[in-house]
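A quick write-up on the structure given underneath.
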Amino acid sequence: MSKKVSLVLGSGGARGLAHVGVIRWLEEHGYTIESISGCSMGALIGGYYAAGKLDAYIEWLSSSDMLDLIKLLDIKGSGGVVSGRHLMKKLENLMDGDKQIEDLNIKFTAVTTDIDAQKEIWFSSGSLIHAIRASISIPLFFTPYEYEGMLLVDGGVLNPVPIAPTFNDMTDLTIAVNLGGDRVGEGYIINQVVDRSLGGRVKEYFSKFTLPDAISMENGMYTIANKSFETMQESIARMKLATYPPDIEIDIPKNLCATFDFNKSEKIIEFGYNECAKIFKDRKL
């Protein structure tokens, strides 16, 4: 049975927590992940796993409520609402300090986008935290990451499911997790019920900042831009997967949860685990 795996982890906000479920299922069933290529949330999850710190990240996320997470979003960015400094410091602490990608036990590549040159940039060496920060730079939300004269944004802008970095891997299976899968019925969607008491605390917290209606309104500028970005990603992902099909594709529905539903980590992880199990059962692997 094929056991050595190249894992490709796509972008898609909080839906990327489904990657954790996929990883857990593979581990429990004797598969060895020898290579990871990821962008955006896929780079974050993949990077923590390659560094041996994924459990620490998930434990912190599970013990945090939405207000804890929001407090890490410093509304002081330039070219984006959030600078990302507080969040990245927290992520570095959870990793027990920055790591060098070339020192990891698993081959790892984070994919980001040079917005000026309009090309992909692959981080396969150097600072892991910097690679993750560059790859998760969602346009308009995070300030672009400046690196060696380049202005870098989310890798999903050009390659939401980055299979190419795995082409030369000497593994048995390439498994791609696409977070832009077809929509599913309401029965499958992670519960979207709002915690009213938490909602009040969030509103109180944000009252300290003056955000333009274009950002704060339900259908304001940022919401529309985010929806447009996701639509673009889905189209690119379909083309990439058709051109370079992996051995196994695991599709996570695009409407599984909202982009920033990180407080629903347990349910999203469980969905990814069950979806992976279903795919492997159907293929009798």
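Lettering and numbering for the structure tokens are positional, with chains as A, B, ... in the shown order, residues counted from 1 in each chain, and ligands counted from 1 in the shown order.
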Show me a table, sorted first by chain and then by increasing residue number, of the residues of region 141-180 of chain A having an atom at most 12 Å from region 271-285 of chain A, each with its shortest atom pair and the distance in Å to one decimal, counting only C-alpha atoms and written as a tab-separated table.
```
residue	atom	partner	partner_atom	distance
A:Leu173	CA	A:Leu285	CA	11.0
A:Ile175	CA	A:Cys276	CA	10.1
A:Ala176	CA	A:Cys276	CA	10.8
A:Val177	CA	A:Cys276	CA	9.2
A:Asn178	CA	A:Gly272	CA	10.9
A:Leu179	CA	A:Gly272	CA	10.1
```
Those same residues - N, CA and C atoms - I'd like them written as a CSV table (one decimal), in the first residue's frame.
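Output file out33.csv is given in full below:
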```csv
chain,number,residue,atom,x,y,z
A,173,LEU,N,2.1,9.0,-3.0
A,173,LEU,CA,0.9,9.7,-3.3
A,173,LEU,C,1.0,11.2,-3.2
A,175,ILE,N,-1.6,14.2,-2.4
A,175,ILE,CA,-2.9,14.4,-1.9
A,175,ILE,C,-3.1,15.9,-1.8
A,176,ALA,N,-4.1,16.4,-2.6
A,176,ALA,CA,-4.4,17.9,-2.5
A,176,ALA,C,-5.7,18.1,-1.8
A,177,VAL,N,-5.7,19.1,-0.9
A,177,VAL,CA,-6.9,19.5,-0.2
A,177,VAL,C,-7.4,20.8,-0.7
A,178,ASN,N,-8.5,20.9,-1.4
A,178,ASN,CA,-9.0,22.1,-2.1
A,178,ASN,C,-10.1,22.6,-1.2
A,179,LEU,N,-9.9,23.8,-0.7
A,179,LEU,CA,-10.9,24.5,0.2
A,179,LEU,C,-12.0,25.2,-0.6
```
Near Pro162 (chain A), counting only C-alpha atoms, which residues have an atom at most 10 Å away, once you skip same-chain residues fewer than 3 positions from it, shown as a PDB file with N, CA and C atoms, in the first residue's frame?
```pdb
ATOM      1  N   LEU A   7       1.701  16.300   0.534  1.00  0.00           N
ATOM      2  CA  LEU A   7       0.420  16.906   0.892  1.00  0.00           C
ATOM      3  C   LEU A   7       0.370  18.346   0.420  1.00  0.00           C
ATOM      4  N   VAL A   8      -0.682  18.671  -0.326  1.00  0.00           N
ATOM      5  CA  VAL A   8      -0.878  20.019  -0.859  1.00  0.00           C
ATOM      6  C   VAL A   8      -2.073  20.635  -0.139  1.00  0.00           C
ATOM      7  N   LEU A   9      -1.839  21.733   0.571  1.00  0.00           N
ATOM      8  CA  LEU A   9      -2.874  22.336   1.404  1.00  0.00           C
ATOM      9  C   LEU A   9      -3.266  23.700   0.855  1.00  0.00           C
ATOM     10  N   GLY A  10      -4.528  23.814   0.449  1.00  0.00           N
ATOM     11  CA  GLY A  10      -5.000  25.011  -0.212  1.00  0.00           C
ATOM     12  C   GLY A  10      -5.385  26.137   0.717  1.00  0.00           C
ATOM     13  N   SER A  11      -5.726  27.278   0.119  1.00  0.00           N
ATOM     14  CA  SER A  11      -6.102  28.482   0.874  1.00  0.00           C
ATOM     15  C   SER A  11      -7.614  28.574   0.991  1.00  0.00           C
ATOM     16  N   ILE A  36       5.179  18.916   2.251  1.00  0.00           N
ATOM     17  CA  ILE A  36       3.988  19.765   2.331  1.00  0.00           C
ATOM     18  C   ILE A  36       4.210  21.016   1.496  1.00  0.00           C
ATOM     19  N   SER A  37       3.233  21.313   0.670  1.00  0.00           N
ATOM     20  CA  SER A  37       3.199  22.576  -0.067  1.00  0.00           C
ATOM     21  C   SER A  37       1.884  23.252   0.289  1.00  0.00           C
ATOM     22  N   GLY A  38       1.961  24.496   0.725  1.00  0.00           N
ATOM     23  CA  GLY A  38       0.730  25.161   1.130  1.00  0.00           C
ATOM     24  C   GLY A  38       0.748  26.639   0.854  1.00  0.00           C
ATOM     25  N   CYS A  39      -0.441  27.228   0.783  1.00  0.00           N
ATOM     26  CA  CYS A  39      -0.534  28.678   0.683  1.00  0.00           C
ATOM     27  C   CYS A  39      -1.626  29.163   1.614  1.00  0.00           C
ATOM     28  N   GLY A  42      -3.248  27.095   4.373  1.00  0.00           N
ATOM     29  CA  GLY A  42      -2.546  25.836   4.137  1.00  0.00           C
ATOM     30  C   GLY A  42      -1.080  25.922   4.506  1.00  0.00           C
ATOM     31  N   THR A 109       7.133  23.926   1.658  1.00  0.00           N
ATOM     32  CA  THR A 109       7.147  25.091   0.771  1.00  0.00           C
ATOM     33  C   THR A 109       5.897  25.927   1.030  1.00  0.00           C
ATOM     34  N   ALA A 110       6.110  27.211   1.301  1.00  0.00           N
ATOM     35  CA  ALA A 110       4.998  28.150   1.421  1.00  0.00           C
ATOM     36  C   ALA A 110       4.958  28.999   0.152  1.00  0.00           C
ATOM     37  N   VAL A 111       3.786  29.122  -0.428  1.00  0.00           N
ATOM     38  CA  VAL A 111       3.635  29.856  -1.680  1.00  0.00           C
ATOM     39  C   VAL A 111       2.972  31.197  -1.407  1.00  0.00           C
ATOM     40  N   THR A 112       3.568  32.246  -1.952  1.00  0.00           N
ATOM     41  CA  THR A 112       3.017  33.591  -1.834  1.00  0.00           C
ATOM     42  C   THR A 112       3.049  34.260  -3.207  1.00  0.00           C
ATOM     43  N   GLU A 120       4.403  33.898  -8.715  1.00  0.00           N
ATOM     44  CA  GLU A 120       4.499  33.153  -7.464  1.00  0.00           C
ATOM     45  C   GLU A 120       5.913  33.251  -6.888  1.00  0.00           C
ATOM     46  N   TRP A 122       8.134  31.115  -3.958  1.00  0.00           N
ATOM     47  CA  TRP A 122       8.135  29.925  -3.096  1.00  0.00           C
ATOM     48  C   TRP A 122       9.156  30.097  -1.986  1.00  0.00           C
ATOM     49  N   GLY A 155      -0.734  33.716  -1.217  1.00  0.00           N
ATOM     50  CA  GLY A 155      -0.391  32.825  -2.319  1.00  0.00           C
ATOM     51  C   GLY A 155      -1.590  32.401  -3.141  1.00  0.00           C
ATOM     52  N   GLY A 156      -2.789  32.453  -2.527  1.00  0.00           N
ATOM     53  CA  GLY A 156      -3.993  32.056  -3.237  1.00  0.00           C
ATOM     54  C   GLY A 156      -4.376  32.973  -4.376  1.00  0.00           C
ATOM     55  N   LEU A 158      -2.615  33.651  -6.950  1.00  0.00           N
ATOM     56  CA  LEU A 158      -2.206  33.008  -8.198  1.00  0.00           C
ATOM     57  C   LEU A 158      -2.303  31.486  -8.155  1.00  0.00           C
ATOM     58  N   ASN A 159      -2.248  30.897  -6.961  1.00  0.00           N
ATOM     59  CA  ASN A 159      -2.207  29.432  -6.892  1.00  0.00           C
ATOM     60  C   ASN A 159      -2.831  28.933  -5.596  1.00  0.00           C
ATOM     61  N   PRO A 165       5.117  22.639  -6.397  1.00  0.00           N
ATOM     62  CA  PRO A 165       6.309  22.387  -5.579  1.00  0.00           C
ATOM     63  C   PRO A 165       6.530  20.911  -5.227  1.00  0.00           C
ATOM     64  N   THR A 166       5.539  20.071  -5.459  1.00  0.00           N
ATOM     65  CA  THR A 166       5.681  18.647  -5.121  1.00  0.00           C
ATOM     66  C   THR A 166       6.108  17.793  -6.313  1.00  0.00           C
ATOM     67  N   ALA A 176      -4.128  16.434  -2.552  1.00  0.00           N
ATOM     68  CA  ALA A 176      -4.415  17.867  -2.548  1.00  0.00           C
ATOM     69  C   ALA A 176      -5.735  18.127  -1.829  1.00  0.00           C
ATOM     70  N   VAL A 177      -5.716  19.085  -0.909  1.00  0.00           N
ATOM     71  CA  VAL A 177      -6.927  19.482  -0.194  1.00  0.00           C
ATOM     72  C   VAL A 177      -7.357  20.848  -0.719  1.00  0.00           C
ATOM     73  N   ASN A 178      -8.454  20.855  -1.443  1.00  0.00           N
ATOM     74  CA  ASN A 178      -8.992  22.063  -2.077  1.00  0.00           C
ATOM     75  C   ASN A 178     -10.106  22.621  -1.206  1.00  0.00           C
ATOM     76  N   ALA A 237      -8.328  27.479  -8.937  1.00  0.00           N
ATOM     77  CA  ALA A 237      -8.115  26.139  -8.378  1.00  0.00           C
ATOM     78  C   ALA A 237      -8.642  25.070  -9.326  1.00  0.00           C
ATOM     79  N   LYS A 240      -6.101  24.699 -12.163  1.00  0.00           N
ATOM     80  CA  LYS A 240      -4.853  24.075 -11.711  1.00  0.00           C
ATOM     81  C   LYS A 240      -5.039  22.578 -11.489  1.00  0.00           C
ATOM     82  N   LEU A 241      -6.137  22.194 -10.855  1.00  0.00           N
ATOM     83  CA  LEU A 241      -6.384  20.789 -10.551  1.00  0.00           C
ATOM     84  C   LEU A 241      -6.671  19.989 -11.817  1.00  0.00           C
ATOM     85  N   TYR A 244      -3.044  19.774 -13.508  1.00  0.00           N
ATOM     86  CA  TYR A 244      -2.102  18.941 -12.749  1.00  0.00           C
ATOM     87  C   TYR A 244      -2.868  18.144 -11.691  1.00  0.00           C
TER      88      TYR A 244
END
```
key: Close residues, Ile106 (chain A) itself excluded, 10 Å, only C-alpha atoms, min 5 positions apart in chain, as a PyMOL selection string   = chain A and resi 6+32-36+46-47+49-52+101
Give me a file of those residues, with C-alpha atoms, as an mmCIF file, in the first residue's frame.
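Done, and the output landed in again-v3.cif:
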```
data_model
loop_
_atom_site.group_PDB
_atom_site.id
_atom_site.type_symbol
_atom_site.label_atom_id
_atom_site.label_comp_id
_atom_site.auth_asym_id
_atom_site.auth_seq_id
_atom_site.Cartn_x
_atom_site.Cartn_y
_atom_site.Cartn_z
ATOM 1 C CA SER A 6 3.137 14.719 -0.598
ATOM 2 C CA THR A 32 3.846 9.351 6.378
ATOM 3 C CA ILE A 33 3.723 12.973 5.251
ATOM 4 C CA GLU A 34 7.141 13.650 3.750
ATOM 5 C CA SER A 35 6.397 16.866 1.879
ATOM 6 C CA ILE A 36 3.988 19.765 2.331
ATOM 7 C CA GLY A 46 1.447 22.876 7.069
ATOM 8 C CA GLY A 47 4.197 24.966 8.628
ATOM 9 C CA TYR A 49 2.842 20.520 11.375
ATOM 10 C CA ALA A 50 6.300 20.439 9.768
ATOM 11 C CA ALA A 51 7.676 22.183 12.878
ATOM 12 C CA GLY A 52 6.014 19.636 15.187
ATOM 13 C CA ILE A 101 12.524 25.803 6.917
#
```
query = With only C-alpha atoms as the basis for distance, which of A:Asp98, A:Glu230, A:Asp154, A:Asp68 is at the shortest distance from Ile138 (chain A)?
reply =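 Smallest separation from Ile138 (chain A) among the options: A:Asp154.
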request  = Go ahead and compute the interatomic distance for CA of Lys4 (chain A) and CA of Glu249 (chain A), in Å to one decimal.
outcome  = 15.8 Å
query = Any idea what's packed within 12 Å of Ala134 (chain A), counting only C-alpha atoms, ignoring anything in its chain fewer than 3 positions away? Could you give it as a PyMOL selection string?
reply = chain A and resi 38-41+43-44+83-84+88+110-115+120-123+127-131+137-139+142-147+150-156
ask   = For Lys119 (chain A), which residue among A:Val157, A:Lys107, A:Glu102, A:Leu54 is the nearest when counting only C-alpha atoms?
value =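 Closest to Lys119 (chain A), using only C-alpha atoms: A:Val157.
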request  = Report the distance between CA of Ile58 (chain A) and CA of Asn263 (chain A) in Å, rounded to one decimal place.
outcome  =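 Calculated distance between CA of Ile58 (chain A) and CA of Asn263 (chain A) is 10.7 Å.
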request  = Just the helix (DSSP H, G or I) stuff from region 117-191 of chain A, please, per backbone DSSP, written as a ChimeraX atom specification.
outcome  = /A:128-135,155-157,164-166,186-188
Taking the DSSP secondary structure from the backbone, can you list the residues of region 129-193 of chain A that are strand (DSSP E or B), as a short mmCIF file (atom, residue, chain, number, x, y, z; two decimals) with C-alpha atoms, in the first residue's frame?
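Output file selection36.cif is given in full below:
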```cif
data_model
loop_
_atom_site.label_atom_id
_atom_site.label_comp_id
_atom_site.auth_asym_id
_atom_site.auth_seq_id
_atom_site.Cartn_x
_atom_site.Cartn_y
_atom_site.Cartn_z
CA LEU A 140 -7.05 44.40 1.94
CA PHE A 141 -7.13 42.55 5.29
CA PHE A 142 -3.41 42.08 6.06
CA TYR A 145 4.69 41.52 3.50
CA GLU A 146 7.84 43.28 2.31
CA TYR A 147 10.74 40.94 1.50
CA MET A 150 9.12 42.52 -3.13
CA LEU A 151 5.59 43.23 -1.93
CA LEU A 152 4.06 39.85 -1.12
CA VAL A 153 0.40 38.93 -0.67
CA ASP A 154 -1.64 35.76 -0.22
CA LEU A 173 0.86 9.68 -3.31
CA THR A 174 0.14 13.35 -3.88
CA ILE A 175 -2.93 14.42 -1.92
CA ALA A 176 -4.41 17.87 -2.55
CA VAL A 177 -6.93 19.48 -0.19
CA ASN A 178 -8.99 22.06 -2.08
CA LEU A 179 -10.92 24.45 0.15
CA GLY A 180 -13.04 25.77 -2.73
CA GLY A 181 -15.17 22.68 -3.32
#
```
Who sits within 10 Å of Leu61 (chain A), only C-alpha atoms, same chain under 3 positions skipped, as a PyMOL selection string = chain A and resi 55-58+64-66+68-69+262-266
